[in-house]
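Student: Sending over a structure as structure tokens; questions will come in a sec.
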Amino acid sequence: MDNSFASPSPTLSFAPLIRKAAARTAIVGLNESHRALLTECFRQFGIDSVLITEDAATRLAKEKFEACVLGLGNGADTLMEAARSSPSNSRCVIYGVGGNAQEAMRYSKYGINAMFNEPLERPAALKLIRATRMLVLHEYRRYVRVPVMTEVSVVGDGRRISASSIEMSSGGLSVKSAEDFSIGVPVEISFSLKTLPRINVRGVVSWHKAKSFGVRFDAGDERRQKVKRWIDSYLEN
């Protein structure tokens with residue numbers, strides 16, 4: 001059984017990986033200070049950065065990148081569509097910059113993976129890259145959770161709340177919400193992604209902390225297999 005969401009992820013150190021760069025991140029349309037900070041942060045984890053200032057949609061459609069960083073402003077929809085429609089980049093890790101989780105939900109159909117919040121600060125940027133680097137580096141056997149941001153409906157304890165997903169695995173997911181549920185409360189969750197039609201699946205709240213909690217899928221609910229197939233497809237692409 002996948003117990004990925006039995007408890008929150010442990011806190012890890014930011015020790016740099018000693019390795020040759022094995023992946024490239026496209027940094028698109030950010031200001032000079034943001035580009036410099038993110039380039040240095042990705043480099044610490046063995047990831048090269050490619051700065052793109054012109055013909056971004058064309059390059060994201062034709063050139064292979066393991067990840068891309070985009071400002072959530074005018075034109076972001078076009079760039080995400082270019083990446084997700086590309087055979088090379090349909091599963092690249094998409095990072096947004098700016099706004100908050102709620103604002104990022106307008107891009108959830110593109111499977112936006114994670115957000116760098118503004119003001120952009122080095123410790124927070126390192127923490128986010130550390131949490132997602134295995135997916136960028138294609139080290140899937142060591143990384144079973146896929147970061148993805150999409151709107152999630154949670155029904156349980158006589159309530160229905162809206163939340164946003166943080167990470168997802170074949171065994172469950174973690175969500176961000178101002179509301180909370182007690183550990184052990186049975187819930188039913190509903191969500192959709194661009195390549196996964198909206199599904200409902202039963203689960204149980206397995207942990208909670210300030211403004212976030214985890215749901216472990218009910219092993220007897222066959223609908224969770226749709227999530228497993230989506231995860232497998234994401235990792236095998």
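Every chain in the structure tokens takes a letter, A first, then B, and so on in the order presented; its residues are numbered from 1, and the ligands are numbered from 1 following the presented order.
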Got a sec to tell me which of range 155-236 of chain A DSSP assigns to alpha helix (DSSP H), as a list in words?
Tutor: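 Assigned to alpha helix (DSSP H), within range 155-236 of chain A: Arg224, Gln225, Lys226, Val227, Lys228, Arg229, Trp230, Ile231, Asp232, Ser233, Tyr234, Leu235 and Glu236 of chain A.
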Student: Print the selection's residues with N, CA and C atoms to a file, as an mmCIF file, in the first residue's frame.
Tutor:
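Result file follows (selection_35.cif):
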data_model
loop_
_atom_site.group_PDB
_atom_site.id
_atom_site.type_symbol
_atom_site.label_atom_id
_atom_site.label_comp_id
_atom_site.auth_asym_id
_atom_site.auth_seq_id
_atom_site.Cartn_x
_atom_site.Cartn_y
_atom_site.Cartn_z
ATOM 1 N N ARG A 224 -9.928 5.016 -7.559
ATOM 2 C CA ARG A 224 -8.574 5.528 -7.346
ATOM 3 C C ARG A 224 -7.603 5.002 -8.410
ATOM 4 N N GLN A 225 -7.983 3.918 -9.113
ATOM 5 C CA GLN A 225 -7.123 3.387 -10.159
ATOM 6 C C GLN A 225 -6.937 4.394 -11.294
ATOM 7 N N LYS A 226 -7.936 5.281 -11.498
ATOM 8 C CA LYS A 226 -7.796 6.315 -12.518
ATOM 9 C C LYS A 226 -6.649 7.261 -12.152
ATOM 10 N N VAL A 227 -6.528 7.555 -10.864
ATOM 11 C CA VAL A 227 -5.432 8.411 -10.410
ATOM 12 C C VAL A 227 -4.104 7.695 -10.600
ATOM 13 N N LYS A 228 -4.066 6.399 -10.256
ATOM 14 C CA LYS A 228 -2.832 5.622 -10.413
ATOM 15 C C LYS A 228 -2.389 5.604 -11.874
ATOM 16 N N ARG A 229 -3.340 5.406 -12.799
ATOM 17 C CA ARG A 229 -2.973 5.375 -14.216
ATOM 18 C C ARG A 229 -2.453 6.735 -14.676
ATOM 19 N N TRP A 230 -3.061 7.814 -14.151
ATOM 20 C CA TRP A 230 -2.582 9.150 -14.512
ATOM 21 C C TRP A 230 -1.168 9.377 -13.989
ATOM 22 N N ILE A 231 -0.895 8.966 -12.737
ATOM 23 C CA ILE A 231 0.436 9.093 -12.155
ATOM 24 C C ILE A 231 1.454 8.294 -12.981
ATOM 25 N N ASP A 232 1.095 7.040 -13.313
ATOM 26 C CA ASP A 232 2.008 6.204 -14.092
ATOM 27 C C ASP A 232 2.302 6.824 -15.450
ATOM 28 N N SER A 233 1.259 7.368 -16.092
ATOM 29 C CA SER A 233 1.459 8.001 -17.395
ATOM 30 C C SER A 233 2.345 9.229 -17.269
ATOM 31 N N TYR A 234 2.148 9.991 -16.215
ATOM 32 C CA TYR A 234 2.943 11.200 -15.999
ATOM 33 C C TYR A 234 4.418 10.848 -15.861
ATOM 34 N N LEU A 235 4.702 9.799 -15.100
ATOM 35 C CA LEU A 235 6.087 9.435 -14.819
ATOM 36 C C LEU A 235 6.754 8.714 -15.993
ATOM 37 N N GLU A 236 5.962 8.024 -16.793
ATOM 38 C CA GLU A 236 6.540 7.266 -17.901
ATOM 39 C C GLU A 236 6.755 8.093 -19.143
#
Student: Using only C-alpha atoms, I'd like a table of the residues in range 202-230 of chain A that come within 6 Å of range 164-185 of chain A; for each, show the closest atom pair and its distance in Å rounded to one decimal, ordered by chain and ascending number, as CSV.
Tutor:
residue,atom,partner,partner_atom,distance
A:Val204,CA,A:Val185,CA,5.6
A:Val205,CA,A:Ile183,CA,5.1
A:Ser206,CA,A:Ile183,CA,5.4
A:Trp207,CA,A:Ile183,CA,5.6
A:Lys211,CA,A:Ala178,CA,5.0
A:Ser212,CA,A:Lys176,CA,4.3
A:Phe213,CA,A:Val175,CA,5.7
A:Gly214,CA,A:Ser174,CA,4.2
A:Val215,CA,A:Gly172,CA,5.5
A:Arg216,CA,A:Gly172,CA,4.3
A:Phe217,CA,A:Gly172,CA,4.9
A:Val227,CA,A:Ser170,CA,5.8
A:Lys228,CA,A:Ser170,CA,4.4
Student: Residues of the last selection are to be written out with N, CA, C and O atoms, as a PDB file, in the first residue's frame.
Tutor:
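Written out: part_2.pdb:
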ATOM      1  N   VAL A 204      -9.777   9.058   3.594  1.00  0.00           N
ATOM      2  CA  VAL A 204      -9.829   9.393   5.013  1.00  0.00           C
ATOM      3  C   VAL A 204      -8.727  10.406   5.298  1.00  0.00           C
ATOM      4  O   VAL A 204      -7.630  10.328   4.720  1.00  0.00           O
ATOM      5  N   VAL A 205      -9.019  11.383   6.138  1.00  0.00           N
ATOM      6  CA  VAL A 205      -8.015  12.383   6.502  1.00  0.00           C
ATOM      7  C   VAL A 205      -6.938  11.699   7.340  1.00  0.00           C
ATOM      8  O   VAL A 205      -7.228  11.094   8.375  1.00  0.00           O
ATOM      9  N   SER A 206      -5.684  11.772   6.881  1.00  0.00           N
ATOM     10  CA  SER A 206      -4.598  11.023   7.526  1.00  0.00           C
ATOM     11  C   SER A 206      -3.668  11.904   8.346  1.00  0.00           C
ATOM     12  O   SER A 206      -2.940  11.406   9.197  1.00  0.00           O
ATOM     13  N   TRP A 207      -3.632  13.214   8.085  1.00  0.00           N
ATOM     14  CA  TRP A 207      -2.850  14.147   8.884  1.00  0.00           C
ATOM     15  C   TRP A 207      -3.351  15.556   8.614  1.00  0.00           C
ATOM     16  O   TRP A 207      -4.035  15.806   7.626  1.00  0.00           O
ATOM     17  N   LYS A 211      -3.405  25.018   7.864  1.00  0.00           N
ATOM     18  CA  LYS A 211      -3.832  25.325   6.502  1.00  0.00           C
ATOM     19  C   LYS A 211      -3.538  24.236   5.481  1.00  0.00           C
ATOM     20  O   LYS A 211      -3.514  24.500   4.272  1.00  0.00           O
ATOM     21  N   SER A 212      -3.343  23.005   5.915  1.00  0.00           N
ATOM     22  CA  SER A 212      -3.179  21.906   4.964  1.00  0.00           C
ATOM     23  C   SER A 212      -3.506  20.587   5.645  1.00  0.00           C
ATOM     24  O   SER A 212      -3.425  20.477   6.873  1.00  0.00           O
ATOM     25  N   PHE A 213      -3.877  19.596   4.855  1.00  0.00           N
ATOM     26  CA  PHE A 213      -4.117  18.259   5.394  1.00  0.00           C
ATOM     27  C   PHE A 213      -3.944  17.227   4.282  1.00  0.00           C
ATOM     28  O   PHE A 213      -3.910  17.558   3.093  1.00  0.00           O
ATOM     29  N   GLY A 214      -3.808  15.980   4.697  1.00  0.00           N
ATOM     30  CA  GLY A 214      -3.617  14.892   3.755  1.00  0.00           C
ATOM     31  C   GLY A 214      -4.796  13.940   3.748  1.00  0.00           C
ATOM     32  O   GLY A 214      -5.442  13.728   4.774  1.00  0.00           O
ATOM     33  N   VAL A 215      -5.087  13.385   2.577  1.00  0.00           N
ATOM     34  CA  VAL A 215      -6.157  12.398   2.420  1.00  0.00           C
ATOM     35  C   VAL A 215      -5.562  11.127   1.840  1.00  0.00           C
ATOM     36  O   VAL A 215      -4.884  11.167   0.810  1.00  0.00           O
ATOM     37  N   ARG A 216      -5.789  10.004   2.508  1.00  0.00           N
ATOM     38  CA  ARG A 216      -5.372   8.704   1.986  1.00  0.00           C
ATOM     39  C   ARG A 216      -6.566   8.058   1.300  1.00  0.00           C
ATOM     40  O   ARG A 216      -7.645   7.948   1.894  1.00  0.00           O
ATOM     41  N   PHE A 217      -6.396   7.664   0.052  1.00  0.00           N
ATOM     42  CA  PHE A 217      -7.497   7.070  -0.701  1.00  0.00           C
ATOM     43  C   PHE A 217      -7.941   5.755  -0.067  1.00  0.00           C
ATOM     44  O   PHE A 217      -7.127   4.996   0.478  1.00  0.00           O
ATOM     45  N   VAL A 227      -6.528   7.555 -10.864  1.00  0.00           N
ATOM     46  CA  VAL A 227      -5.432   8.411 -10.410  1.00  0.00           C
ATOM     47  C   VAL A 227      -4.104   7.695 -10.600  1.00  0.00           C
ATOM     48  O   VAL A 227      -3.121   8.279 -11.059  1.00  0.00           O
ATOM     49  N   LYS A 228      -4.066   6.399 -10.256  1.00  0.00           N
ATOM     50  CA  LYS A 228      -2.832   5.622 -10.413  1.00  0.00           C
ATOM     51  C   LYS A 228      -2.389   5.604 -11.874  1.00  0.00           C
ATOM     52  O   LYS A 228      -1.201   5.785 -12.176  1.00  0.00           O
TER      53      LYS A 228
END
Student: Where does DSSP see strand (DSSP E or B) in range 102-221 of chain A, if you list the residues as a PyMOL selection string?
Tutor: chain A and resi 114-116+146-147+151-156+159-169+172-176+186-193+196-209+212-217
Student: Could you list, as an MDAnalysis selection string, every residue within 7 Å of range 106-109 of chain A, counting only C-alpha atoms and ignoring same-chain residues fewer than 2 positions away?
Tutor: chainID A and resid 103:104 111:112 149:150 193:194
Student: Would you mind listing what lies within 10 Å of Glu81 in chain A as number ranges by chain, with only C-alpha atoms counted and same-chain residues fewer than 5 positions away left out?
Tutor: A: 57, 60-61, 76, 86, 90, 107, 109-110
Student: Taking only C-alpha atoms into account, which of A:Ala56, A:Arg43, A:Pro123, A:Asp221 comes nearest Ala82 in chain A?
Tutor: A:Ala56
Student: Write out as a PyMOL selection string which residues come within 10 Å of Val155 in chain A when counting only C-alpha atoms, dropping same-chain ones fewer than 5 positions away.
Tutor: chain A and resi 160-162+186-190+202
